[in-house]
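Novice: Next up is a structure, given as structure tokens.
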Amino acid sequence: MIDTSDIDTGSLEELMKEYQEVEARLYDPDVQKDAGQARKLGRRYAELGRIKAAYEAFAAIKENLDAALELADEDESFAAEAKSLQGDLEEASNKLKEVLAPRDPDDARDVILEIKAGAGGEESALFAADLMRMYMRYAERKGWQIQLLGSTQSDLGGIKDAQVALKAKGNPTPEDGVWAQMKYEGGVHRVQRVPVTESSGRIHTSAAGVLVMPEAEETGDIEINPNEIRIEVFRSSGPGGQSVNTTDSAVRITHEPTGIVVSMQNEKSQIQNRAAAMRVLRSRLLAEEQAKRAAEEAETRQSQVRTVDRSERIRTYNFPENRIVDHRTGYKAYNLDSVLDGDLQPVIDSAIAMDESQRLAASTQSHPTDD
């Protein structure tokens with residue numbers, strides 16, 4: 001007989017009650033007037049919807065199994081049905097435990113991605129451009145909206161730094177959220193290849209850094225005191241330092257308490273560049289807040305896949321062997337060309353699988369079953 005004693009039906013009933021409350025609030029005209037609140041409620045509704053579906057499936061199978069067991073002594077056909085239903089109940093029980101295991105509360109959020117060239121000069125900038133293209137192709141495959149917020153090009157057409165917003169359509173379930181997929185990409189990405197600037201054909205190693213941040217809501221997530229930011233305007237410049245605009249439209253915002261600096265110059269309008277810079281600043285501050293919280297909670301649960309150390313080398317891209325290796329999960333494949341063209345899901349799935357196994361193990365340890 002399947003042991004389901006570790007499933008707290010009382011807590012599940014409370015979650016079902018919350019589902020109904022959230023559903024009712026989503027129909028409230030006052031809520032719909034507040035886009036930020038509506039998005040948050042929409043994300044919670046999608047999360048609770050997964051739990052509701054898993055719980056209802058579990059409850060229905062359990063009810064049928066109980067009935068079959070009760071009638072099994074009188075009719076052998078019910079005994080056979082009960083045996084089949086026990087397998088179904090185990091599967092439904094595991095699914096329910098999976099959706100109930102504590103998730104990252106930001107999984108359904110959208111993301112701002114920052115890519116920066118690192119050690120390696122022009123070769124690093126060219127690799128950073130390859131990474132940006134890879135993420136954009138991956139986002140296209142996922143059906144996400146892509147918005148290039150800002151970028152600075154190198155002399156050879158690489159990327160010194162870039163900021164890209166990735167946004168899901170509608171209210172995705174947590175496991176399908178942009179953050180749920182992209183949060184494992186933060187860290188140092190190393191490339192091994194013959195640089196276009198190298199005439200002797202030697203393989204060089206260089207790197208680029210990726211920072212992934214859940215996008216902060218304009219209101220509610222992070223409050224920025226206007227007296228704590230310094231805003232400067234300057235003339236946009238392109239590769240080699242040449243001016244690409246005749247007006248002071250570029251914007252640099254410094255958050256004085258943290259020292260975080262964000263510069264934007266892609267748009268011709270100072271107002272648009274300022275809005276984009278504030279958008280990135282809010283998300284950076286939210287990421288800083290989360291990093292502190294993660295460090296404080298490290299003893300409770302620390303993911304070996306997504307750490308708060310942004311200097312961690314997470315992946316190597318070896319062009320001569322067409323090989324990609326994820327150093328955290330042990331994933332290795334010889335289809336680097338496809339990965340760089342956006343076929344990134346298997347690599348990400350290896351990180352998700354490792355993280356989820358740790359999450360489920362932590363949940364089991366915190367709710368042990370009675371012997």
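Identifiers in this document derive from the order of the structure tokens: chains are assigned A, B, ..., residues are numbered from 1 separately in each chain, and ligands are numbered from 1 in order of occurrence.
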For range 310-323 of chain A, list every protein, DNA or RNA residue within 7 Å, evaluated using only C-alpha atoms, and leave out those in the same chain fewer than 6 positions away; present the list as a list in words.
Specialist: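 Surrounding residues, per the criterion: Gly186, Gly187, Val188, His189, Arg190, Val191, Gln192, Arg193, Ala333, Tyr334, Asn335, Leu336 and Asp337 of chain A.
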Novice: Point out the residue among A:Glu63, A:Val196, A:Gln86, A:Met136 with the least atom-to-atom distance to Glu123 in chain A, counting only C-alpha atoms.
Specialist: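 Between A:Glu63, A:Val196, A:Gln86, A:Met136, the residue approaching Glu123 in chain A most closely is A:Val196.
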Novice: Rounded to one decimal in Å, what is the spacing between CA of Ile352 in chain A and CA of Ala101 in chain A?
Specialist: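 So the two atoms, CA of Ile352 in chain A and CA of Ala101 in chain A, lie 13.9 Å apart.
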Novice: Select, from A:Val99, A:Ala108, A:Ala72, A:Ala294, the residue with the minimum atom-to-atom distance to Asn171 in chain A, counting only C-alpha atoms.
Specialist: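 Closest to Asn171 in chain A, using only C-alpha atoms: A:Ala108.
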Novice: How far is it from CA of Ala68 in chain A to CA of Glu81 in chain A, in Å with one decimal?
Specialist: 6.7 Å
Novice: May I have the residues within 7 Å of range 41-53 of chain A as a list in words, using only C-alpha atoms and disregarding those fewer than 6 positions away in the same chain?
Specialist: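 In the requested format, the answer is Met16, Tyr19, Val22, Glu23, Leu26, Leu96, Val99, Leu100, Ala108, Asn171, Pro172, Thr173 and Pro174 of chain A.
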Novice: May I ask which of the residues A:Glu218, A:Glu256, A:Asp30, A:Asp343 is the closest one to Met278 in chain A, counting only C-alpha atoms?
Specialist: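 Using only C-alpha atoms, Met278 in chain A sits closest to A:Glu218.
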Novice: Which of range 268-352 of chain A counts as alpha helix (DSSP H) under DSSP, as number ranges by chain please?
Specialist: A: 270-296, 336-340, 345-352
Novice: Can I get the selection written as a short mmCIF file (atom, residue, chain, number, x, y, z; two decimals), in the first residue's frame, with N, CA, C and O atoms?
Specialist:
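Output (again-v1.cif):
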data_model
loop_
_atom_site.label_atom_id
_atom_site.label_comp_id
_atom_site.auth_asym_id
_atom_site.auth_seq_id
_atom_site.Cartn_x
_atom_site.Cartn_y
_atom_site.Cartn_z
N GLN A 270 16.83 61.15 -24.18
CA GLN A 270 17.36 61.09 -22.82
C GLN A 270 16.34 60.46 -21.87
O GLN A 270 16.70 59.70 -20.97
N ILE A 271 15.06 60.75 -22.09
CA ILE A 271 14.00 60.21 -21.25
C ILE A 271 13.94 58.69 -21.36
O ILE A 271 13.82 57.97 -20.36
N GLN A 272 14.06 58.17 -22.60
CA GLN A 272 14.01 56.72 -22.81
C GLN A 272 15.23 56.04 -22.19
O GLN A 272 15.11 54.97 -21.58
N ASN A 273 16.40 56.66 -22.34
CA ASN A 273 17.60 56.08 -21.75
C ASN A 273 17.53 56.09 -20.22
O ASN A 273 17.98 55.16 -19.56
N ARG A 274 16.95 57.15 -19.68
CA ARG A 274 16.81 57.21 -18.22
C ARG A 274 15.85 56.12 -17.73
O ARG A 274 16.12 55.46 -16.71
N ALA A 275 14.74 55.92 -18.45
CA ALA A 275 13.78 54.89 -18.06
C ALA A 275 14.41 53.51 -18.11
O ALA A 275 14.21 52.68 -17.21
N ALA A 276 15.21 53.25 -19.15
CA ALA A 276 15.88 51.95 -19.28
C ALA A 276 16.90 51.77 -18.17
O ALA A 276 17.02 50.68 -17.60
N ALA A 277 17.64 52.82 -17.84
CA ALA A 277 18.64 52.75 -16.77
C ALA A 277 17.99 52.48 -15.42
O ALA A 277 18.49 51.68 -14.62
N MET A 278 16.85 53.14 -15.15
CA MET A 278 16.14 52.91 -13.89
C MET A 278 15.60 51.49 -13.82
O MET A 278 15.59 50.86 -12.76
N ARG A 279 15.20 50.98 -14.95
CA ARG A 279 14.69 49.61 -15.01
C ARG A 279 15.78 48.61 -14.62
O ARG A 279 15.55 47.68 -13.84
N VAL A 280 16.98 48.81 -15.16
CA VAL A 280 18.10 47.94 -14.83
C VAL A 280 18.53 48.15 -13.38
O VAL A 280 18.83 47.19 -12.66
N LEU A 281 18.55 49.40 -12.93
CA LEU A 281 18.96 49.69 -11.55
C LEU A 281 18.03 49.00 -10.55
O LEU A 281 18.49 48.40 -9.57
N ARG A 282 16.71 49.08 -10.77
CA ARG A 282 15.77 48.43 -9.87
C ARG A 282 16.04 46.93 -9.80
O ARG A 282 16.01 46.33 -8.72
N SER A 283 16.31 46.32 -10.96
CA SER A 283 16.54 44.88 -10.99
C SER A 283 17.87 44.52 -10.35
O SER A 283 17.98 43.47 -9.69
N ARG A 284 18.88 45.37 -10.50
CA ARG A 284 20.16 45.10 -9.83
C ARG A 284 20.00 45.18 -8.31
O ARG A 284 20.56 44.36 -7.58
N LEU A 285 19.24 46.16 -7.86
CA LEU A 285 19.02 46.29 -6.42
C LEU A 285 18.22 45.11 -5.88
O LEU A 285 18.48 44.62 -4.77
N LEU A 286 17.24 44.65 -6.66
CA LEU A 286 16.48 43.47 -6.24
C LEU A 286 17.40 42.25 -6.18
O LEU A 286 17.32 41.43 -5.25
N ALA A 287 18.30 42.13 -7.17
CA ALA A 287 19.24 41.01 -7.18
C ALA A 287 20.18 41.07 -5.98
O ALA A 287 20.50 40.04 -5.38
N GLU A 288 20.62 42.27 -5.61
CA GLU A 288 21.48 42.43 -4.43
C GLU A 288 20.74 42.01 -3.17
O GLU A 288 21.30 41.33 -2.29
N GLU A 289 19.48 42.40 -3.09
CA GLU A 289 18.66 42.05 -1.92
C GLU A 289 18.50 40.54 -1.83
O GLU A 289 18.59 39.95 -0.74
N GLN A 290 18.26 39.89 -2.98
CA GLN A 290 18.09 38.45 -3.00
C GLN A 290 19.39 37.73 -2.66
O GLN A 290 19.38 36.69 -1.99
N ALA A 291 20.52 38.29 -3.12
CA ALA A 291 21.82 37.67 -2.83
C ALA A 291 22.09 37.68 -1.33
O ALA A 291 22.58 36.69 -0.77
N LYS A 292 21.74 38.77 -0.69
CA LYS A 292 21.93 38.85 0.77
C LYS A 292 21.03 37.84 1.47
O LYS A 292 21.45 37.16 2.40
N ARG A 293 19.79 37.74 0.99
CA ARG A 293 18.85 36.80 1.60
C ARG A 293 19.32 35.35 1.39
O ARG A 293 19.24 34.52 2.30
N ALA A 294 19.83 35.07 0.19
CA ALA A 294 20.31 33.72 -0.10
C ALA A 294 21.50 33.37 0.77
O ALA A 294 21.63 32.23 1.24
N ALA A 295 22.38 34.35 1.01
CA ALA A 295 23.55 34.11 1.85
C ALA A 295 23.12 33.83 3.29
O ALA A 295 23.68 32.95 3.96
N GLU A 296 22.10 34.55 3.75
CA GLU A 296 21.61 34.36 5.11
C GLU A 296 20.92 33.00 5.27
O GLU A 296 20.95 32.40 6.35
N LEU A 336 28.11 22.12 -29.90
CA LEU A 336 28.26 23.54 -29.54
C LEU A 336 27.65 24.45 -30.58
O LEU A 336 27.05 25.47 -30.24
N ASP A 337 27.78 24.10 -31.86
CA ASP A 337 27.22 24.94 -32.91
C ASP A 337 25.71 25.09 -32.75
O ASP A 337 25.16 26.18 -32.91
N SER A 338 25.02 23.97 -32.39
CA SER A 338 23.57 24.03 -32.20
C SER A 338 23.21 24.84 -30.95
O SER A 338 22.24 25.59 -30.95
N VAL A 339 24.00 24.66 -29.88
CA VAL A 339 23.74 25.40 -28.64
C VAL A 339 23.85 26.89 -28.87
O VAL A 339 23.00 27.68 -28.45
N LEU A 340 24.89 27.31 -29.59
CA LEU A 340 25.07 28.73 -29.86
C LEU A 340 24.00 29.27 -30.79
O LEU A 340 23.80 30.49 -30.87
N GLN A 345 18.21 24.34 -24.34
CA GLN A 345 17.34 23.73 -23.34
C GLN A 345 17.95 22.52 -22.63
O GLN A 345 17.83 22.41 -21.40
N PRO A 346 18.61 21.59 -23.34
CA PRO A 346 19.18 20.44 -22.63
C PRO A 346 20.21 20.85 -21.58
O PRO A 346 20.31 20.21 -20.52
N VAL A 347 20.98 21.90 -21.85
CA VAL A 347 21.97 22.37 -20.89
C VAL A 347 21.26 22.94 -19.66
O VAL A 347 21.62 22.65 -18.52
N ILE A 348 20.24 23.75 -19.90
CA ILE A 348 19.47 24.34 -18.81
C ILE A 348 18.74 23.25 -18.03
O ILE A 348 18.68 23.29 -16.80
N ASP A 349 18.21 22.26 -18.74
CA ASP A 349 17.48 21.18 -18.08
C ASP A 349 18.38 20.42 -17.11
O ASP A 349 17.91 19.94 -16.06
N SER A 350 19.67 20.29 -17.44
CA SER A 350 20.58 19.60 -16.52
C SER A 350 20.70 20.36 -15.21
O SER A 350 20.79 19.76 -14.14
N ALA A 351 20.70 21.69 -15.28
CA ALA A 351 20.77 22.51 -14.07
C ALA A 351 19.46 22.45 -13.30
O ALA A 351 19.45 22.36 -12.07
N ILE A 352 18.33 22.49 -14.02
CA ILE A 352 17.02 22.41 -13.37
C ILE A 352 16.89 21.07 -12.64
O ILE A 352 16.43 21.02 -11.48
#
Novice: Between A:Arg39, A:Lys17, A:Lys62, A:Lys95, single out the one closest to Ala168 in chain A, counting only C-alpha atoms.
Specialist: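 Ranking A:Arg39, A:Lys17, A:Lys62, A:Lys95 by distance to Ala168 in chain A, first place goes to A:Arg39.
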Novice: In Å, rounded to a single decimal, give me how far CA of Leu113 in chain A is from CA of Leu166 in chain A.
Specialist: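 Atom-to-atom, CA of Leu166 in chain A to CA of Leu113 in chain A, that is 7.6 Å.
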Novice: Can you tell me, as an MDAnalysis selection string, which residues in range 57-246 of chain A count as strand (DSSP E) by DSSP?
Specialist: chainID A and resid 111:117 145:153 159:167 187:193 204:214 229:234
Novice: List the neighbours of range 229-232 of chain A out to 9 Å using only C-alpha atoms; skip same-chain residues closer than 2 positions along the sequence, and give me the result as a list in words.
Specialist: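 Everything that qualifies: Ile224, Asn225, Pro226, Asn227, Phe234, Ala250, Val251, Arg252, Ile253, Thr254, His255, Glu256, Pro257 and Arg274 of chain A.
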Novice: List the spatial neighbours of Met132 in chain A as a ChimeraX atom specification - criterion: any atom at most 12 Å away, only C-alpha atoms, same-chain residues fewer than 3 positions off excluded.
Specialist: /A:113-117,125-129,135-139,146-148,150-151,158-166,185,189,208-211,340-342
Novice: Write the residues of the preceding selection, restricted to N, CA and C atoms, as an mmCIF file, in the first residue's frame.
Specialist:
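Listing of again13.cif after writing:
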data_model
loop_
_atom_site.group_PDB
_atom_site.id
_atom_site.type_symbol
_atom_site.label_atom_id
_atom_site.label_comp_id
_atom_site.auth_asym_id
_atom_site.auth_seq_id
_atom_site.Cartn_x
_atom_site.Cartn_y
_atom_site.Cartn_z
ATOM 1 N N LEU A 113 18.942 40.528 -18.453
ATOM 2 C CA LEU A 113 20.190 39.804 -18.655
ATOM 3 C C LEU A 113 21.288 40.809 -18.995
ATOM 4 N N GLU A 114 22.407 40.723 -18.286
ATOM 5 C CA GLU A 114 23.556 41.569 -18.604
ATOM 6 C C GLU A 114 24.724 40.690 -19.013
ATOM 7 N N ILE A 115 25.347 41.049 -20.111
ATOM 8 C CA ILE A 115 26.498 40.302 -20.620
ATOM 9 C C ILE A 115 27.661 41.269 -20.733
ATOM 10 N N LYS A 116 28.803 40.889 -20.183
ATOM 11 C CA LYS A 116 29.977 41.759 -20.193
ATOM 12 C C LYS A 116 31.198 40.997 -20.690
ATOM 13 N N ALA A 117 31.964 41.635 -21.565
ATOM 14 C CA ALA A 117 33.233 41.052 -21.995
ATOM 15 C C ALA A 117 34.180 41.029 -20.796
ATOM 16 N N ALA A 125 35.078 40.207 -26.296
ATOM 17 C CA ALA A 125 33.927 40.987 -26.758
ATOM 18 C C ALA A 125 33.173 40.244 -27.862
ATOM 19 N N LEU A 126 33.903 39.572 -28.746
ATOM 20 C CA LEU A 126 33.255 38.795 -29.805
ATOM 21 C C LEU A 126 32.498 37.605 -29.212
ATOM 22 N N PHE A 127 33.080 36.985 -28.176
ATOM 23 C CA PHE A 127 32.397 35.871 -27.512
ATOM 24 C C PHE A 127 31.145 36.368 -26.776
ATOM 25 N N ALA A 128 31.232 37.543 -26.165
ATOM 26 C CA ALA A 128 30.063 38.121 -25.491
ATOM 27 C C ALA A 128 28.926 38.325 -26.500
ATOM 28 N N ALA A 129 29.279 38.735 -27.728
ATOM 29 C CA ALA A 129 28.266 38.898 -28.775
ATOM 30 C C ALA A 129 27.668 37.543 -29.155
ATOM 31 N N TYR A 135 21.405 33.641 -26.462
ATOM 32 C CA TYR A 135 20.263 33.849 -25.583
ATOM 33 C C TYR A 135 19.059 34.399 -26.348
ATOM 34 N N MET A 136 19.306 35.245 -27.321
ATOM 35 C CA MET A 136 18.194 35.782 -28.109
ATOM 36 C C MET A 136 17.542 34.678 -28.937
ATOM 37 N N ARG A 137 18.364 33.805 -29.518
ATOM 38 C CA ARG A 137 17.807 32.687 -30.296
ATOM 39 C C ARG A 137 17.009 31.746 -29.378
ATOM 40 N N TYR A 138 17.540 31.499 -28.193
ATOM 41 C CA TYR A 138 16.837 30.648 -27.229
ATOM 42 C C TYR A 138 15.503 31.281 -26.834
ATOM 43 N N ALA A 139 15.513 32.582 -26.577
ATOM 44 C CA ALA A 139 14.286 33.295 -26.213
ATOM 45 C C ALA A 139 13.255 33.221 -27.342
ATOM 46 N N ILE A 146 11.684 39.978 -26.610
ATOM 47 C CA ILE A 146 13.084 40.380 -26.430
ATOM 48 C C ILE A 146 13.204 41.876 -26.639
ATOM 49 N N GLN A 147 13.851 42.546 -25.699
ATOM 50 C CA GLN A 147 14.073 43.981 -25.834
ATOM 51 C C GLN A 147 15.517 44.298 -25.466
ATOM 52 N N LEU A 148 16.256 44.812 -26.426
ATOM 53 C CA LEU A 148 17.628 45.234 -26.172
ATOM 54 C C LEU A 148 17.588 46.599 -25.501
ATOM 55 N N GLY A 150 20.255 48.141 -23.875
ATOM 56 C CA GLY A 150 21.477 48.913 -24.104
ATOM 57 C C GLY A 150 22.621 48.005 -24.486
ATOM 58 N N SER A 151 23.595 48.557 -25.213
ATOM 59 C CA SER A 151 24.777 47.779 -25.577
ATOM 60 C C SER A 151 25.897 48.728 -25.984
ATOM 61 N N GLY A 158 32.148 43.232 -31.686
ATOM 62 C CA GLY A 158 31.775 42.456 -30.509
ATOM 63 C C GLY A 158 30.961 43.295 -29.538
ATOM 64 N N ILE A 159 30.737 42.777 -28.361
ATOM 65 C CA ILE A 159 29.948 43.457 -27.339
ATOM 66 C C ILE A 159 30.796 43.644 -26.088
ATOM 67 N N LYS A 160 31.013 44.905 -25.717
ATOM 68 C CA LYS A 160 31.695 45.169 -24.448
ATOM 69 C C LYS A 160 30.755 44.907 -23.282
ATOM 70 N N ASP A 161 29.521 45.341 -23.444
ATOM 71 C CA ASP A 161 28.481 45.042 -22.459
ATOM 72 C C ASP A 161 27.121 45.239 -23.121
ATOM 73 N N ALA A 162 26.135 44.511 -22.619
ATOM 74 C CA ALA A 162 24.777 44.619 -23.162
ATOM 75 C C ALA A 162 23.775 44.263 -22.088
ATOM 76 N N GLN A 163 22.589 44.862 -22.191
ATOM 77 C CA GLN A 163 21.489 44.580 -21.270
ATOM 78 C C GLN A 163 20.264 44.215 -22.113
ATOM 79 N N VAL A 164 19.695 43.056 -21.835
ATOM 80 C CA VAL A 164 18.564 42.555 -22.612
ATOM 81 C C VAL A 164 17.433 42.162 -21.662
ATOM 82 N N ALA A 165 16.221 42.599 -21.969
ATOM 83 C CA ALA A 165 15.046 42.210 -21.187
ATOM 84 C C ALA A 165 14.341 41.061 -21.899
ATOM 85 N N LEU A 166 14.043 40.007 -21.155
ATOM 86 C CA LEU A 166 13.325 38.853 -21.687
ATOM 87 C C LEU A 166 12.010 38.733 -20.934
ATOM 88 N N GLU A 185 22.092 30.757 -15.556
ATOM 89 C CA GLU A 185 23.068 31.207 -16.547
ATOM 90 C C GLU A 185 24.070 32.220 -16.004
ATOM 91 N N HIS A 189 31.477 32.542 -18.259
ATOM 92 C CA HIS A 189 31.431 31.618 -19.389
ATOM 93 C C HIS A 189 32.790 31.674 -20.098
ATOM 94 N N ALA A 208 33.639 35.659 -20.720
ATOM 95 C CA ALA A 208 32.648 36.732 -20.628
ATOM 96 C C ALA A 208 31.776 36.446 -19.413
ATOM 97 N N GLY A 209 31.269 37.490 -18.801
ATOM 98 C CA GLY A 209 30.440 37.348 -17.615
ATOM 99 C C GLY A 209 28.977 37.567 -17.931
ATOM 100 N N VAL A 210 28.123 36.790 -17.287
ATOM 101 C CA VAL A 210 26.669 36.926 -17.458
ATOM 102 C C VAL A 210 26.047 37.149 -16.087
ATOM 103 N N LEU A 211 25.220 38.163 -15.988
ATOM 104 C CA LEU A 211 24.459 38.442 -14.772
ATOM 105 C C LEU A 211 22.981 38.354 -15.128
ATOM 106 N N LEU A 340 24.887 27.307 -29.588
ATOM 107 C CA LEU A 340 25.072 28.733 -29.865
ATOM 108 C C LEU A 340 23.995 29.275 -30.792
ATOM 109 N N ASP A 341 23.284 28.373 -31.464
ATOM 110 C CA ASP A 341 22.178 28.794 -32.321
ATOM 111 C C ASP A 341 20.849 28.767 -31.563
ATOM 112 N N GLY A 342 20.941 28.577 -30.226
ATOM 113 C CA GLY A 342 19.737 28.669 -29.404
ATOM 114 C C GLY A 342 19.230 27.355 -28.848
#
